[in-house]
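What's in data_3.cif: mmCIF, C-alpha atoms
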data_my_file
loop_
_atom_site.label_atom_id
_atom_site.label_comp_id
_atom_site.auth_asym_id
_atom_site.auth_seq_id
_atom_site.Cartn_x
_atom_site.Cartn_y
_atom_site.Cartn_z
CA MET A 1 -9.63 -16.16 -13.49
CA THR A 2 -7.98 -15.40 -16.82
CA VAL A 3 -4.65 -13.64 -17.35
CA ALA A 4 -6.62 -10.60 -18.56
CA ASP A 5 -8.68 -10.57 -15.33
CA ASN A 6 -5.55 -10.87 -13.19
CA LEU A 7 -3.86 -8.09 -15.15
CA LYS A 8 -6.82 -5.78 -14.66
CA ASN A 9 -6.96 -6.51 -10.92
CA GLU A 10 -3.23 -5.99 -10.39
CA ARG A 11 -3.25 -2.77 -12.42
CA LYS A 12 -6.14 -1.44 -10.30
CA LYS A 13 -4.24 -2.33 -7.13
CA SER A 14 -1.42 -0.11 -8.37
CA GLY A 15 -3.84 2.83 -8.47
CA LEU A 16 -3.09 3.57 -12.13
CA SER A 17 -5.58 4.05 -14.92
CA GLN A 18 -5.22 2.06 -18.12
CA LYS A 19 -3.67 5.06 -19.87
CA GLU A 20 -1.29 5.80 -17.00
CA PHE A 21 -0.13 2.20 -16.88
CA ALA A 22 0.19 2.02 -20.67
CA ASP A 23 2.38 5.14 -20.55
CA LYS A 24 4.51 3.52 -17.86
CA LEU A 25 5.02 0.52 -20.16
CA GLY A 26 5.74 2.78 -23.14
CA MET A 27 2.75 1.25 -24.90
CA ASN A 28 -0.22 2.59 -26.84
CA ALA A 29 -3.25 2.80 -24.52
CA ARG A 30 -5.48 1.02 -27.04
CA THR A 31 -3.03 -1.86 -27.30
CA TYR A 32 -2.84 -2.17 -23.53
CA ALA A 33 -6.64 -2.12 -23.21
CA SER A 34 -6.84 -5.05 -25.62
CA TYR A 35 -4.71 -7.09 -23.19
CA GLU A 36 -7.11 -6.41 -20.32
CA ARG A 37 -10.08 -7.37 -22.50
CA GLY A 38 -8.37 -10.63 -23.45
CA GLU A 39 -8.43 -9.73 -27.15
CA ARG A 40 -4.66 -9.97 -27.62
CA ASP A 41 -2.23 -12.62 -26.40
CA ILE A 42 0.49 -11.33 -24.07
CA SER A 43 3.96 -12.24 -25.32
CA THR A 44 6.68 -13.27 -22.88
CA ALA A 45 8.51 -9.97 -23.35
CA VAL A 46 5.36 -7.94 -22.58
CA LEU A 47 4.54 -10.21 -19.64
CA LEU A 48 7.98 -9.63 -18.13
CA SER A 49 7.64 -5.84 -18.65
CA ILE A 50 4.24 -5.80 -16.94
CA CYS A 51 5.51 -7.86 -13.99
CA LYS A 52 8.50 -5.55 -13.60
CA ALA A 53 6.27 -2.45 -13.71
CA LEU A 54 3.89 -3.93 -11.13
CA ASP A 55 6.71 -5.47 -9.07
CA ILE A 56 5.01 -8.88 -9.03
CA SER A 57 5.90 -12.42 -10.04
CA SER A 58 4.58 -13.72 -13.35
CA ASP A 59 2.72 -16.53 -11.58
CA ILE A 60 0.36 -13.90 -10.13
CA LEU A 61 -0.76 -12.90 -13.63
CA LEU A 62 -0.77 -16.46 -14.90
CA GLY A 63 -2.78 -17.58 -11.87
CA THR A 64 -0.48 -20.51 -11.24
CA ASN A 65 3.02 -21.55 -10.29
CA SER A 66 3.12 -23.37 -13.62
CA PRO A 67 6.65 -24.71 -14.14
CA ALA A 68 6.44 -23.87 -17.81
CA GLN A 69 6.37 -20.18 -16.97
CA GLU A 70 8.20 -19.76 -13.72
CA PRO A 71 9.26 -23.04 -12.12
CA GLN A 72 9.08 -23.44 -8.38
CA ILE A 73 12.43 -24.08 -6.71
CA LYS A 74 12.37 -27.21 -4.58
CA LYS A 75 14.95 -28.95 -2.46
CA ILE A 76 16.47 -32.30 -3.38
CA PRO A 77 15.57 -35.09 -2.87
CA TYR A 78 11.93 -36.24 -2.72
CA SER A 79 10.95 -39.35 -0.81
CA GLU A 80 12.65 -42.20 -2.64
CA ALA A 81 9.47 -44.32 -2.65
CA ASP A 82 7.71 -41.83 -4.93
CA CYS A 83 10.62 -41.13 -7.27
CA SER A 84 12.18 -42.16 -10.54
CA ARG A 85 15.86 -41.84 -11.41
CA VAL A 86 16.33 -39.18 -14.08
CA PRO A 87 19.78 -38.42 -15.57
CA LEU A 88 21.62 -35.15 -15.04
CA ILE A 89 23.46 -34.47 -18.29
CA GLY A 90 26.59 -32.47 -18.83
CA ARG A 91 25.46 -30.43 -21.82
CA VAL A 92 23.05 -30.09 -24.71
CA ALA A 93 24.33 -29.21 -28.17
CA ALA A 94 22.94 -29.22 -31.69
CA GLY A 95 23.23 -32.66 -33.30
CA TYR A 96 24.32 -34.21 -30.01
CA SER A 97 22.64 -37.13 -28.27
CA CYS A 98 22.21 -35.59 -24.83
CA LEU A 99 21.07 -38.88 -23.26
CA ALA A 100 24.16 -40.78 -24.37
CA GLU A 101 25.58 -42.62 -21.36
CA GLU A 102 28.92 -40.79 -21.54
CA ASN A 103 27.08 -37.49 -21.14
CA ILE A 104 25.30 -38.47 -17.90
CA SER A 105 27.02 -37.22 -14.75
CA GLU A 106 24.57 -38.67 -12.21
CA TYR A 107 20.95 -39.69 -11.67
CA ILE A 108 18.58 -37.53 -9.63
CA LEU A 109 15.53 -38.76 -7.71
CA THR A 110 12.55 -37.08 -9.36
CA ASP A 111 8.88 -36.99 -8.37
CA SER A 112 7.23 -39.63 -10.56
CA ASP A 113 3.93 -37.73 -10.63
CA ILE A 114 5.35 -35.03 -12.91
CA LEU A 115 6.78 -37.48 -15.46
CA LYS A 116 4.33 -38.11 -18.29
CA ASP A 117 4.40 -41.42 -20.14
CA GLY A 118 5.83 -41.36 -23.63
CA TYR A 119 8.47 -38.67 -23.02
CA ASP A 120 12.17 -38.71 -22.19
CA TYR A 121 13.29 -36.47 -19.34
CA PHE A 122 16.65 -35.19 -18.19
CA TRP A 123 18.05 -32.64 -15.77
CA LEU A 124 20.33 -29.84 -16.97
CA LYS A 125 22.43 -27.44 -14.89
CA VAL A 126 21.84 -23.73 -15.52
CA LYS A 127 24.92 -21.79 -16.61
CA GLY A 128 25.39 -18.03 -16.42
CA ASP A 129 23.23 -15.30 -14.91
CA SER A 130 20.87 -14.44 -17.77
CA MET A 131 17.85 -15.98 -16.00
CA GLU A 132 18.43 -14.40 -12.59
CA PRO A 133 16.64 -14.02 -10.25
CA THR A 134 14.23 -16.76 -11.44
CA LEU A 135 17.06 -19.25 -12.02
CA LEU A 136 20.56 -18.93 -10.59
CA GLU A 137 23.74 -20.42 -11.99
CA GLY A 138 23.97 -24.00 -10.77
CA ASP A 139 20.20 -24.50 -10.47
CA LEU A 140 18.87 -27.66 -12.08
CA VAL A 141 16.01 -27.69 -14.58
CA LEU A 142 13.98 -30.77 -15.47
CA VAL A 143 13.48 -30.91 -19.23
CA ARG A 144 10.80 -32.89 -21.07
CA ALA A 145 12.35 -33.71 -24.45
CA GLN A 146 10.10 -32.45 -27.27
CA ASN A 147 10.57 -30.41 -30.42
CA VAL A 148 7.18 -28.66 -30.39
CA LEU A 149 6.24 -26.04 -27.80
CA GLU A 150 3.09 -24.19 -26.81
CA THR A 151 4.61 -20.79 -26.26
CA PRO A 152 5.38 -18.64 -24.44
CA CYS A 153 7.07 -21.06 -22.09
CA LEU A 154 10.38 -21.79 -20.39
CA ALA A 155 12.38 -24.17 -22.55
CA VAL A 156 15.81 -25.36 -23.61
CA VAL A 157 16.89 -24.55 -27.16
CA THR A 158 20.10 -24.59 -29.16
CA VAL A 159 21.25 -21.86 -31.54
CA ASP A 160 23.71 -22.84 -34.26
CA GLN A 161 26.50 -24.79 -32.57
CA GLU A 162 26.04 -23.33 -29.09
CA ASP A 163 25.30 -25.43 -26.04
CA GLY A 164 21.70 -25.56 -24.89
CA LEU A 165 20.17 -22.34 -23.57
CA VAL A 166 17.44 -22.04 -20.95
CA LYS A 167 15.16 -19.18 -22.05
CA TYR A 168 11.59 -17.97 -22.11
CA VAL A 169 10.68 -18.90 -25.68
CA ASP A 170 8.02 -17.14 -27.72
CA ILE A 171 7.29 -18.47 -31.21
CA ASP A 172 4.97 -17.03 -33.82
CA THR A 173 4.63 -17.45 -37.57
CA HIS A 174 7.53 -15.22 -38.56
CA LYS A 175 9.92 -15.13 -35.63
CA ILE A 176 11.31 -16.84 -32.54
CA THR A 177 12.16 -14.69 -29.52
CA LEU A 178 14.44 -15.92 -26.74
CA ASN A 179 13.90 -13.84 -23.61
CA SER A 180 16.09 -13.67 -20.52
CA VAL A 181 14.93 -12.54 -17.09
CA ASN A 182 18.04 -10.51 -16.29
CA PRO A 183 17.47 -7.09 -17.95
CA CYS A 184 21.16 -6.91 -18.85
CA TYR A 185 20.46 -9.47 -21.57
CA PRO A 186 18.26 -8.18 -24.41
CA PRO A 187 15.90 -10.54 -26.28
CA ARG A 188 17.41 -12.53 -29.12
CA ILE A 189 15.08 -12.44 -32.12
CA PHE A 190 15.32 -14.81 -35.08
CA ALA A 191 13.03 -13.82 -37.94
CA ASP A 192 11.98 -15.69 -41.08
CA LYS A 193 14.91 -17.78 -42.43
CA GLU A 194 16.90 -17.08 -39.26
CA MET A 195 14.34 -19.20 -37.37
CA ASN A 196 16.10 -22.27 -38.77
CA ARG A 197 19.08 -21.46 -36.55
CA VAL A 198 17.02 -22.35 -33.46
CA SER A 199 16.30 -25.96 -32.46
CA VAL A 200 13.95 -26.87 -29.62
CA VAL A 201 15.35 -29.43 -27.18
CA GLY A 202 12.47 -29.53 -24.72
CA GLN A 203 10.24 -27.75 -22.23
CA VAL A 204 11.26 -27.04 -18.65
CA VAL A 205 8.74 -28.56 -16.26
CA GLU A 206 10.47 -28.04 -12.90
CA SER A 207 13.61 -26.62 -11.34
CA LYS A 208 15.59 -27.42 -8.20
CA ARG A 209 18.21 -25.67 -6.15
CA ARG A 210 20.72 -27.66 -4.18
CA TYR A 211 21.78 -26.30 -0.81
#
Render the structure in this file as structure tokens.
Amino acid sequence: MTVADNLKNERKKSGLSQKEFADKLGMNARTYASYERGERDISTAVLLSICKALDISSDILLGTNSPAQEPQIKKIPYSEADCSRVPLIGRVAAGYSCLAEENISEYILTDSDILKDGYDYFWLKVKGDSMEPTLLEGDLVLVRAQNVLETPCLAVVTVDQEDGLVKYVDIDTHKITLNSVNPCYPPRIFADKEMNRVSVVGQVVESKRRY
């Protein structure tokens, strides 16, 4: 089923009409209807608003536990026979070689099946509470190093000289939006020339929580 089909089904389960649900989202009814018909792509910000209004996880609408959207938390480690050693790095910063040996704090056993040939991978520790409850401070995210993303997706980016940020990233022709999960953190929007302030480090493909 498509995202539009899942949205329609979940909205019906709530007992609300299209107009009633659009009003709840603070959205024009015609705009909302276009989402259910699959005529308009749902941005990350709208997706998060819909999930909050329906009190569901985004993977229900997406029809998958796709790690690019909402990574599944797993325990460490996997069986060693099926694993590769992937570095856990201390930080990511603009103009900084994150895989430099002095920046590697340890190596983590990682399921080899999720590592695609031709890419570098590294683990990064989540800092702060902006991605709660999806990701908690101290969680680990597995990042596939790449500078091009199919958005919206969960990714690591840098802004100016800041350390790397784990955010839901939505990119279109004229702007880049960095969305948090925690509603206390508003979206950061970089439009037109400001887009050059944002550098893509890579896409998050899995996360882990150590106990």
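Across the structure, atom CA of Val143 of chain A and atom CA of Val204 of chain A are spaced 4.5 Å apart.
For Val166 of chain A, the residues within 7 Å (counting all atoms listed in the file, excluding itself and residues fewer than 5 positions away along the chain) are Ala155, Val156 and Val157 of chain A.
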- Residues near Leu54 of chain A, cut-off 10 Å, all atoms listed in the file, skip fewer than 3 positions along chain, as JSON, numbers by chain: {"A": [7, 10, 11, 13, 14, 21, 48, 49, 50, 51, 57]}
Using the selection just defined, write its residues with C-alpha atoms as a PDB file, keeping the file's coordinate frame.
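Okay, this is what ended up in out_19.pdb:
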ATOM      1  CA  LEU A   7      -3.860  -8.090 -15.150  1.00  0.00           C
ATOM      2  CA  GLU A  10      -3.230  -5.990 -10.390  1.00  0.00           C
ATOM      3  CA  ARG A  11      -3.250  -2.770 -12.420  1.00  0.00           C
ATOM      4  CA  LYS A  13      -4.240  -2.330  -7.130  1.00  0.00           C
ATOM      5  CA  SER A  14      -1.420  -0.110  -8.370  1.00  0.00           C
ATOM      6  CA  PHE A  21      -0.130   2.200 -16.880  1.00  0.00           C
ATOM      7  CA  LEU A  48       7.980  -9.630 -18.130  1.00  0.00           C
ATOM      8  CA  SER A  49       7.640  -5.840 -18.650  1.00  0.00           C
ATOM      9  CA  ILE A  50       4.240  -5.800 -16.940  1.00  0.00           C
ATOM     10  CA  CYS A  51       5.510  -7.860 -13.990  1.00  0.00           C
ATOM     11  CA  SER A  57       5.900 -12.420 -10.040  1.00  0.00           C
TER      12      SER A  57
END
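Note that the spacing between atom CA of Ser58 of chain A and atom CA of Ser112 of chain A amounts to 26.2 Å.
In this comparison, which uses only C-alpha atoms, the residue of A:Val159, A:Val181, A:Leu149, A:Ile89 approaching Thr134 of chain A most closely is A:Val181.
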- Would you mind telling me which residue in A:Val126, A:Leu16, A:Ala145, A:Val46 lies nearest to Thr177 of chain A when using only C-alpha atoms?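 For Thr177 of chain A, the nearest of the given residues is A:Val46.
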- Length of the atom CA of Gln18 of chain A to atom CA of Thr2 of chain A vector [Å]: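 About the pair atom CA of Gln18 of chain A and atom CA of Thr2 of chain A: they are 17.7 Å apart.
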